[in-house]
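See below for start.pdb, which holds PDB, C-alpha atoms and all ligand atoms.
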ATOM      1  CA  MET A   1       0.000   0.000   0.000  1.00  0.00           C
ATOM      2  CA  LEU A   2       1.403   3.369  -1.068  1.00  0.00           C
ATOM      3  CA  LYS A   3       0.275   6.670   0.443  1.00  0.00           C
ATOM      4  CA  ILE A   4       1.560  10.037  -0.763  1.00  0.00           C
ATOM      5  CA  TYR A   5       1.271  12.997   1.607  1.00  0.00           C
ATOM      6  CA  GLY A   6       1.425  16.400  -0.040  1.00  0.00           C
ATOM      7  CA  ALA A   7       0.100  19.907  -0.488  1.00  0.00           C
ATOM      8  CA  SER A   8      -0.220  22.136  -3.568  1.00  0.00           C
ATOM      9  CA  THR A   9       3.513  22.634  -4.020  1.00  0.00           C
ATOM     10  CA  PHE A  10       6.000  21.800  -6.749  1.00  0.00           C
ATOM     11  CA  ASN A  11       7.835  19.298  -4.518  1.00  0.00           C
ATOM     12  CA  ALA A  12       4.652  17.269  -4.022  1.00  0.00           C
ATOM     13  CA  THR A  13       3.852  17.618  -7.735  1.00  0.00           C
ATOM     14  CA  LYS A  14       7.158  15.883  -8.603  1.00  0.00           C
ATOM     15  CA  VAL A  15       6.108  12.780  -6.652  1.00  0.00           C
ATOM     16  CA  LEU A  16       2.513  12.680  -7.895  1.00  0.00           C
ATOM     17  CA  PHE A  17       3.637  13.193 -11.505  1.00  0.00           C
ATOM     18  CA  THR A  18       6.181  10.369 -11.153  1.00  0.00           C
ATOM     19  CA  ALA A  19       3.684   8.010  -9.490  1.00  0.00           C
ATOM     20  CA  GLU A  20       1.067   8.689 -12.193  1.00  0.00           C
ATOM     21  CA  GLU A  21       3.622   8.272 -14.971  1.00  0.00           C
ATOM     22  CA  LEU A  22       4.696   4.930 -13.457  1.00  0.00           C
ATOM     23  CA  GLY A  23       1.056   3.836 -13.285  1.00  0.00           C
ATOM     24  CA  LEU A  24       1.285   3.140  -9.545  1.00  0.00           C
ATOM     25  CA  SER A  25      -1.786   2.671  -7.439  1.00  0.00           C
ATOM     26  CA  PHE A  26      -1.722   5.014  -4.432  1.00  0.00           C
ATOM     27  CA  ASP A  27      -3.783   7.119  -2.070  1.00  0.00           C
ATOM     28  CA  TYR A  28      -3.114  10.845  -2.005  1.00  0.00           C
ATOM     29  CA  ILE A  29      -3.502  12.576   1.352  1.00  0.00           C
ATOM     30  CA  HIS A  30      -3.661  16.352   1.035  1.00  0.00           C
ATOM     31  CA  LEU A  31      -2.328  18.153   4.119  1.00  0.00           C
ATOM     32  CA  ASP A  32      -3.814  21.487   5.077  1.00  0.00           C
ATOM     33  CA  PHE A  33      -0.901  23.840   5.848  1.00  0.00           C
ATOM     34  CA  ALA A  34      -3.241  26.498   7.254  1.00  0.00           C
ATOM     35  CA  ALA A  35      -4.554  23.963   9.777  1.00  0.00           C
ATOM     36  CA  GLY A  36      -0.981  22.888  10.638  1.00  0.00           C
ATOM     37  CA  ASP A  37      -1.504  19.268   9.485  1.00  0.00           C
ATOM     38  CA  HIS A  38       2.162  19.106   8.424  1.00  0.00           C
ATOM     39  CA  LYS A  39       3.375  19.896  11.978  1.00  0.00           C
ATOM     40  CA  SER A  40       1.167  17.305  13.704  1.00  0.00           C
ATOM     41  CA  ALA A  41       2.835  14.506  15.676  1.00  0.00           C
ATOM     42  CA  GLU A  42       1.440  12.051  13.132  1.00  0.00           C
ATOM     43  CA  HIS A  43       3.098  13.829  10.217  1.00  0.00           C
ATOM     44  CA  LEU A  44       6.356  14.476  12.106  1.00  0.00           C
ATOM     45  CA  ALA A  45       6.659  10.690  12.334  1.00  0.00           C
ATOM     46  CA  ARG A  46       6.587  10.626   8.516  1.00  0.00           C
ATOM     47  CA  HIS A  47       8.780  13.683   7.954  1.00  0.00           C
ATOM     48  CA  PRO A  48      11.015  14.846  10.838  1.00  0.00           C
ATOM     49  CA  LEU A  49      11.005  18.452   9.564  1.00  0.00           C
ATOM     50  CA  GLY A  50       7.225  18.581   9.186  1.00  0.00           C
ATOM     51  CA  LYS A  51       7.317  19.161   5.441  1.00  0.00           C
ATOM     52  CA  VAL A  52       5.815  17.635   2.309  1.00  0.00           C
ATOM     53  CA  PRO A  53       6.070  15.467   0.357  1.00  0.00           C
ATOM     54  CA  ALA A  54       6.400  12.233   2.307  1.00  0.00           C
ATOM     55  CA  ILE A  55       5.282   8.723   1.536  1.00  0.00           C
ATOM     56  CA  GLU A  56       4.226   5.649   3.417  1.00  0.00           C
ATOM     57  CA  HIS A  57       4.901   2.392   1.615  1.00  0.00           C
ATOM     58  CA  ASP A  58       4.018  -0.924   3.227  1.00  0.00           C
ATOM     59  CA  GLY A  59       4.132   0.689   6.679  1.00  0.00           C
ATOM     60  CA  ARG A  60       7.489   2.466   6.198  1.00  0.00           C
ATOM     61  CA  TYR A  61       8.084   6.188   5.709  1.00  0.00           C
ATOM     62  CA  LEU A  62      10.312   8.202   3.373  1.00  0.00           C
ATOM     63  CA  PHE A  63      10.708  11.893   2.517  1.00  0.00           C
ATOM     64  CA  GLU A  64      12.654  14.258   0.161  1.00  0.00           C
ATOM     65  CA  SER A  65      10.946  14.642  -3.202  1.00  0.00           C
ATOM     66  CA  ALA A  66      13.760  13.566  -5.549  1.00  0.00           C
ATOM     67  CA  SER A  67      14.580  10.533  -3.372  1.00  0.00           C
ATOM     68  CA  LEU A  68      10.892   9.623  -3.387  1.00  0.00           C
ATOM     69  CA  CYS A  69      10.762   9.768  -7.208  1.00  0.00           C
ATOM     70  CA  ARG A  70      13.877   7.593  -7.434  1.00  0.00           C
ATOM     71  CA  TYR A  71      12.384   5.115  -4.949  1.00  0.00           C
ATOM     72  CA  LEU A  72       9.109   4.902  -6.893  1.00  0.00           C
ATOM     73  CA  ALA A  73      11.054   4.248 -10.112  1.00  0.00           C
ATOM     74  CA  ASN A  74      13.163   1.602  -8.355  1.00  0.00           C
ATOM     75  CA  ILE A  75      10.089  -0.287  -7.129  1.00  0.00           C
ATOM     76  CA  SER A  76       8.724  -0.122 -10.702  1.00  0.00           C
ATOM     77  CA  SER A  77      11.499  -2.183 -12.316  1.00  0.00           C
ATOM     78  CA  LYS A  78      13.573   0.993 -12.913  1.00  0.00           C
ATOM     79  CA  LYS A  79      10.969   2.440 -15.307  1.00  0.00           C
ATOM     80  CA  LEU A  80      11.824   6.171 -15.842  1.00  0.00           C
ATOM     81  CA  TYR A  81      15.305   5.372 -14.442  1.00  0.00           C
ATOM     82  CA  SER A  82      18.023   2.904 -15.496  1.00  0.00           C
ATOM     83  CA  ALA A  83      19.560  -0.353 -14.341  1.00  0.00           C
ATOM     84  CA  ASP A  84      22.848   0.753 -15.917  1.00  0.00           C
ATOM     85  CA  PRO A  85      24.982   2.554 -13.283  1.00  0.00           C
ATOM     86  CA  TYR A  86      26.339   5.159 -15.711  1.00  0.00           C
ATOM     87  CA  GLU A  87      22.934   5.995 -17.176  1.00  0.00           C
ATOM     88  CA  ALA A  88      21.442   6.126 -13.670  1.00  0.00           C
ATOM     89  CA  ALA A  89      24.232   8.527 -12.633  1.00  0.00           C
ATOM     90  CA  GLN A  90      23.477  10.737 -15.654  1.00  0.00           C
ATOM     91  CA  ILE A  91      19.844  10.901 -14.548  1.00  0.00           C
ATOM     92  CA  ASP A  92      20.947  11.594 -10.960  1.00  0.00           C
ATOM     93  CA  GLN A  93      23.294  14.388 -12.021  1.00  0.00           C
ATOM     94  CA  MET A  94      20.474  16.085 -13.933  1.00  0.00           C
ATOM     95  CA  ILE A  95      18.216  15.741 -10.874  1.00  0.00           C
ATOM     96  CA  ASP A  96      20.904  17.283  -8.644  1.00  0.00           C
ATOM     97  CA  LEU A  97      21.532  20.054 -11.139  1.00  0.00           C
ATOM     98  CA  THR A  98      17.853  20.966 -11.322  1.00  0.00           C
ATOM     99  CA  CYS A  99      17.148  20.647  -7.592  1.00  0.00           C
ATOM    100  CA  HIS A 100      20.292  22.405  -6.337  1.00  0.00           C
ATOM    101  CA  HIS A 101      20.779  24.966  -9.102  1.00  0.00           C
ATOM    102  CA  ALA A 102      18.156  25.937 -11.729  1.00  0.00           C
ATOM    103  CA  GLY A 103      15.202  24.651  -9.675  1.00  0.00           C
ATOM    104  CA  ARG A 104      16.486  26.365  -6.564  1.00  0.00           C
ATOM    105  CA  TRP A 105      16.537  29.729  -8.370  1.00  0.00           C
ATOM    106  CA  LEU A 106      13.170  29.185 -10.050  1.00  0.00           C
ATOM    107  CA  ALA A 107      11.828  28.491  -6.561  1.00  0.00           C
ATOM    108  CA  VAL A 108      13.041  31.958  -5.480  1.00  0.00           C
ATOM    109  CA  TYR A 109      10.852  33.559  -8.178  1.00  0.00           C
ATOM    110  CA  PHE A 110       7.913  31.411  -7.121  1.00  0.00           C
ATOM    111  CA  TYR A 111       8.374  32.218  -3.435  1.00  0.00           C
ATOM    112  CA  GLN A 112       8.814  35.961  -3.982  1.00  0.00           C
ATOM    113  CA  GLU A 113       6.196  36.535  -6.682  1.00  0.00           C
ATOM    114  CA  VAL A 114       3.537  33.956  -5.851  1.00  0.00           C
ATOM    115  CA  VAL A 115       3.843  33.099  -2.155  1.00  0.00           C
ATOM    116  CA  MET A 116       4.909  36.533  -0.843  1.00  0.00           C
ATOM    117  CA  MET A 117       3.097  38.828  -3.279  1.00  0.00           C
ATOM    118  CA  LYS A 118      -0.059  36.943  -4.233  1.00  0.00           C
ATOM    119  CA  TYR A 119      -0.619  34.873  -1.102  1.00  0.00           C
ATOM    120  CA  TYR A 120       0.754  37.043   1.729  1.00  0.00           C
ATOM    121  CA  LYS A 121       0.236  40.385  -0.129  1.00  0.00           C
ATOM    122  CA  LYS A 122       3.783  41.480   0.746  1.00  0.00           C
ATOM    123  CA  GLU A 123       6.517  43.141  -1.308  1.00  0.00           C
ATOM    124  CA  ALA A 124       8.788  40.832  -3.282  1.00  0.00           C
ATOM    125  CA  ASP A 125      12.473  40.979  -2.347  1.00  0.00           C
ATOM    126  CA  GLU A 126      13.925  42.442  -5.567  1.00  0.00           C
ATOM    127  CA  LYS A 127      17.479  41.656  -4.456  1.00  0.00           C
ATOM    128  CA  ALA A 128      16.597  37.963  -4.121  1.00  0.00           C
ATOM    129  CA  ILE A 129      14.968  37.985  -7.574  1.00  0.00           C
ATOM    130  CA  ALA A 130      17.988  39.711  -9.134  1.00  0.00           C
ATOM    131  CA  GLU A 131      20.292  37.098  -7.599  1.00  0.00           C
ATOM    132  CA  ALA A 132      18.078  34.273  -8.929  1.00  0.00           C
ATOM    133  CA  LYS A 133      18.029  35.860 -12.397  1.00  0.00           C
ATOM    134  CA  GLY A 134      21.834  36.086 -12.412  1.00  0.00           C
ATOM    135  CA  PHE A 135      22.199  32.369 -11.687  1.00  0.00           C
ATOM    136  CA  LEU A 136      19.435  31.346 -14.119  1.00  0.00           C
ATOM    137  CA  ASP A 137      21.128  33.366 -16.878  1.00  0.00           C
ATOM    138  CA  GLN A 138      24.163  31.114 -16.365  1.00  0.00           C
ATOM    139  CA  GLN A 139      22.297  27.818 -15.896  1.00  0.00           C
ATOM    140  CA  LEU A 140      19.323  27.857 -18.308  1.00  0.00           C
ATOM    141  CA  PRO A 141      21.533  27.978 -21.453  1.00  0.00           C
ATOM    142  CA  PHE A 142      22.851  24.516 -20.494  1.00  0.00           C
ATOM    143  CA  LEU A 143      19.317  23.118 -20.174  1.00  0.00           C
ATOM    144  CA  GLU A 144      18.386  24.814 -23.467  1.00  0.00           C
ATOM    145  CA  LYS A 145      21.352  23.170 -25.216  1.00  0.00           C
ATOM    146  CA  THR A 146      20.442  19.792 -23.687  1.00  0.00           C
ATOM    147  CA  LEU A 147      16.791  20.015 -24.748  1.00  0.00           C
ATOM    148  CA  ALA A 148      17.675  21.316 -28.215  1.00  0.00           C
ATOM    149  CA  ALA A 149      19.688  18.111 -28.736  1.00  0.00           C
ATOM    150  CA  ASN A 150      17.333  15.652 -26.989  1.00  0.00           C
ATOM    151  CA  GLU A 151      13.635  15.234 -26.611  1.00  0.00           C
ATOM    152  CA  TYR A 152      13.947  14.959 -22.827  1.00  0.00           C
ATOM    153  CA  LEU A 153      16.564  15.940 -20.236  1.00  0.00           C
ATOM    154  CA  CYS A 154      18.364  12.595 -20.469  1.00  0.00           C
ATOM    155  CA  GLY A 155      17.800  11.540 -24.056  1.00  0.00           C
ATOM    156  CA  LYS A 156      14.907  10.216 -26.092  1.00  0.00           C
ATOM    157  CA  GLN A 157      12.936   8.802 -23.161  1.00  0.00           C
ATOM    158  CA  LEU A 158      11.147  10.546 -20.322  1.00  0.00           C
ATOM    159  CA  THR A 159      12.955   9.851 -17.026  1.00  0.00           C
ATOM    160  CA  ILE A 160      12.686  10.970 -13.422  1.00  0.00           C
ATOM    161  CA  ALA A 161      15.060  13.808 -14.404  1.00  0.00           C
ATOM    162  CA  ASP A 162      12.055  15.288 -16.262  1.00  0.00           C
ATOM    163  CA  THR A 163       9.386  14.479 -13.668  1.00  0.00           C
ATOM    164  CA  VAL A 164      11.569  16.090 -10.971  1.00  0.00           C
ATOM    165  CA  ALA A 165      12.593  19.184 -12.978  1.00  0.00           C
ATOM    166  CA  PHE A 166       9.344  19.972 -14.745  1.00  0.00           C
ATOM    167  CA  PRO A 167       7.201  21.078 -11.740  1.00  0.00           C
ATOM    168  CA  TYR A 168       9.638  23.975 -11.040  1.00  0.00           C
ATOM    169  CA  PHE A 169       9.188  25.261 -14.604  1.00  0.00           C
ATOM    170  CA  GLN A 170       5.445  24.687 -14.597  1.00  0.00           C
ATOM    171  CA  ALA A 171       5.024  26.567 -11.306  1.00  0.00           C
ATOM    172  CA  CYS A 172       7.127  29.457 -12.604  1.00  0.00           C
ATOM    173  CA  GLN A 173       4.855  30.077 -15.566  1.00  0.00           C
ATOM    174  CA  SER A 174       2.948  32.413 -13.247  1.00  0.00           C
ATOM    175  CA  THR A 175       6.104  34.425 -12.432  1.00  0.00           C
ATOM    176  CA  SER A 176       8.247  36.927 -14.360  1.00  0.00           C
ATOM    177  CA  VAL A 177      10.905  34.302 -15.263  1.00  0.00           C
ATOM    178  CA  ALA A 178      11.652  35.053 -18.926  1.00  0.00           C
ATOM    179  CA  LEU A 179      12.016  31.986 -21.144  1.00  0.00           C
ATOM    180  CA  ASP A 180      11.681  33.794 -24.521  1.00  0.00           C
ATOM    181  CA  SER A 181      15.272  33.067 -25.466  1.00  0.00           C
ATOM    182  CA  TYR A 182      14.924  29.365 -24.587  1.00  0.00           C
ATOM    183  CA  PRO A 183      12.670  27.798 -27.289  1.00  0.00           C
ATOM    184  CA  ALA A 184      13.692  24.199 -26.536  1.00  0.00           C
ATOM    185  CA  ILE A 185      12.847  24.634 -22.837  1.00  0.00           C
ATOM    186  CA  GLN A 186       9.524  26.178 -23.843  1.00  0.00           C
ATOM    187  CA  SER A 187       8.606  23.291 -26.118  1.00  0.00           C
ATOM    188  CA  TRP A 188       9.611  20.763 -23.397  1.00  0.00           C
ATOM    189  CA  ILE A 189       7.279  22.632 -20.983  1.00  0.00           C
ATOM    190  CA  ALA A 190       4.438  22.603 -23.540  1.00  0.00           C
ATOM    191  CA  LYS A 191       4.966  18.884 -24.228  1.00  0.00           C
ATOM    192  CA  LEU A 192       5.090  17.804 -20.573  1.00  0.00           C
ATOM    193  CA  SER A 193       2.098  19.995 -19.617  1.00  0.00           C
ATOM    194  CA  GLN A 194       0.009  17.883 -22.009  1.00  0.00           C
ATOM    195  CA  ARG A 195       0.927  14.499 -20.502  1.00  0.00           C
ATOM    196  CA  PRO A 196      -2.183  12.835 -19.048  1.00  0.00           C
ATOM    197  CA  SER A 197      -0.121  11.758 -16.013  1.00  0.00           C
ATOM    198  CA  PHE A 198       0.761  15.372 -15.257  1.00  0.00           C
ATOM    199  CA  LYS A 199      -2.836  16.524 -15.644  1.00  0.00           C
ATOM    200  CA  LYS A 200      -3.937  13.726 -13.290  1.00  0.00           C
ATOM    201  CA  ALA A 201      -1.291  14.761 -10.744  1.00  0.00           C
ATOM    202  CA  LEU A 202      -2.421  18.401 -10.807  1.00  0.00           C
ATOM    203  CA  ALA A 203      -6.070  17.384 -10.501  1.00  0.00           C
ATOM    204  CA  LEU A 204      -5.326  15.621  -7.217  1.00  0.00           C
ATOM    205  CA  MET A 205      -4.235  18.865  -5.539  1.00  0.00           C
ATOM    206  CA  PRO A 206      -6.511  21.837  -4.883  1.00  0.00           C
ATOM    207  CA  GLN A 207      -4.846  24.721  -6.790  1.00  0.00           C
TER
HETATM  208  N1  LIG A 301      13.940  19.356  -0.203  1.00  0.00           N
HETATM  209  C1  LIG A 301      12.586  19.028   0.210  1.00  0.00           C
HETATM  210  C2  LIG A 301      11.816  20.313   0.408  1.00  0.00           C
HETATM  211  C3  LIG A 301      10.510  20.083   1.136  1.00  0.00           C
HETATM  212  C4  LIG A 301       9.821  21.409   1.399  1.00  0.00           C
HETATM  213  O1  LIG A 301      10.466  22.439   1.664  1.00  0.00           O
HETATM  214  N2  LIG A 301       8.499  21.384   1.349  1.00  0.00           N
HETATM  215  C5  LIG A 301       7.725  22.593   1.584  1.00  0.00           C
HETATM  216  C6  LIG A 301       6.674  22.749   0.515  1.00  0.00           C
HETATM  217  S1  LIG A 301       7.407  22.859  -1.093  1.00  0.00           S
HETATM  218  C7  LIG A 301       7.025  22.478   2.923  1.00  0.00           C
HETATM  219  O2  LIG A 301       6.576  21.415   3.303  1.00  0.00           O
HETATM  220  N3  LIG A 301       6.920  23.603   3.632  1.00  0.00           N
HETATM  221  C8  LIG A 301       6.211  23.676   4.866  1.00  0.00           C
HETATM  222  C9  LIG A 301       7.104  24.001   6.024  1.00  0.00           C
HETATM  223  O3  LIG A 301       8.336  23.977   5.879  1.00  0.00           O
HETATM  224  O4  LIG A 301       6.565  24.254   7.093  1.00  0.00           O
HETATM  225  C10 LIG A 301      11.950  18.141  -0.873  1.00  0.00           C
HETATM  226  O5  LIG A 301      12.359  18.226  -2.019  1.00  0.00           O
HETATM  227  O6  LIG A 301      11.060  17.350  -0.523  1.00  0.00           O
END

Before we go any further, please render this structure as structure tokens.
Amino acid sequence: MLKIYGASTFNATKVLFTAEELGLSFDYIHLDFAAGDHKSAEHLARHPLGKVPAIEHDGRYLFESASLCRYLANISSKKLYSADPYEAAQIDQMIDLTCHHAGRWLAVYFYQEVVMMKYYKKEADEKAIAEAKGFLDQQLPFLEKTLAANEYLCGKQLTIADTVAFPYFQACQSTSVALDSYPAIQSWIAKLSQRPSFKKALALMPQ
């Protein structure tokens, strides 16, 4: 039995998108941040920092979105991943690059322009946005070059590198991140947005 605990965030979207793409059967439990569900003793047993996403699989808990996606692929005969150590490492390096670099800076835009401005009605920190833009200007050209040469981030097949990276880009469509000079990234976003698995994942979470 697989249970996925989440909220309407891009980290939870990564796991739901991966689970849907793998065709796994699971229950989704939506935590209400406003009610403090994620800081309850019950949830702290699943995630020691009281965050989402987390999963329960056959009575055992795991957390950290990219690790969860990798775990789900591993229990699905390595679908969306690879049994070959070098290919698996290539997928892992793309996941690390998106989570620790490009995704991290896209998350700054999302936090400042969506969470702070739209949700909390506060001023965005322009210095933080300028810093994020500076790093994205260095990092997005690499992803553009990769996607101009390949259909997906790690070649011709969709992998967990895509299901982990894509939710950052999707979430940032409602921010001022400028992707005009990155046509290959834009067509990858358009293509992944249309996947039935992604639509199903989004439909699970109140937006
Ligand atoms: N690196 C973690 C980040 C988890 C995280 O920060 N989750 C946020 C939502 S995106 C959260 O639960 N925030 C609530 C809180 O920290 O109280 C992952 O990828 O799972």

Pairwise distance for CA of Tyr81 (chain A) and atom N2 of ligand LIG 301 (chain A), rounded to one decimal in Å: 23.5 Å

Picked residues, the PyMOL selection byres (((chain A and resi 55-60) around 10) and not hetatm), expected as a VMD selection string: chain A and resid 1 to 6 15 26 to 29 46 to 47 52 to 54 61 to 65 68 72

Non-local contacts of region 96-108 of chain A (8 Å; all atoms listed in the file; under 5 positions in same chain excluded) as a list in words: Ala128, Ile129, Ala132, Lys133, Phe135, Leu136, Gln139, Leu140, Val164, Ala165, Tyr168, Phe169, Cys172 and Val177 of chain A

Separation of CA of Lys78 (chain A) from CA of Leu158 (chain A), in Å and rounded to one decimal: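 Result for CA of Lys78 (chain A) versus CA of Leu158 (chain A): 12.3 Å, one decimal.
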
Polymer residues at most 12 Å from Asn74 (chain A), only C-alpha atoms, same-chain spacing of 5 or more positions, as an MDAnalysis selection string: chainID A and resid 18:19 22 67:69 79:83 88 159:160
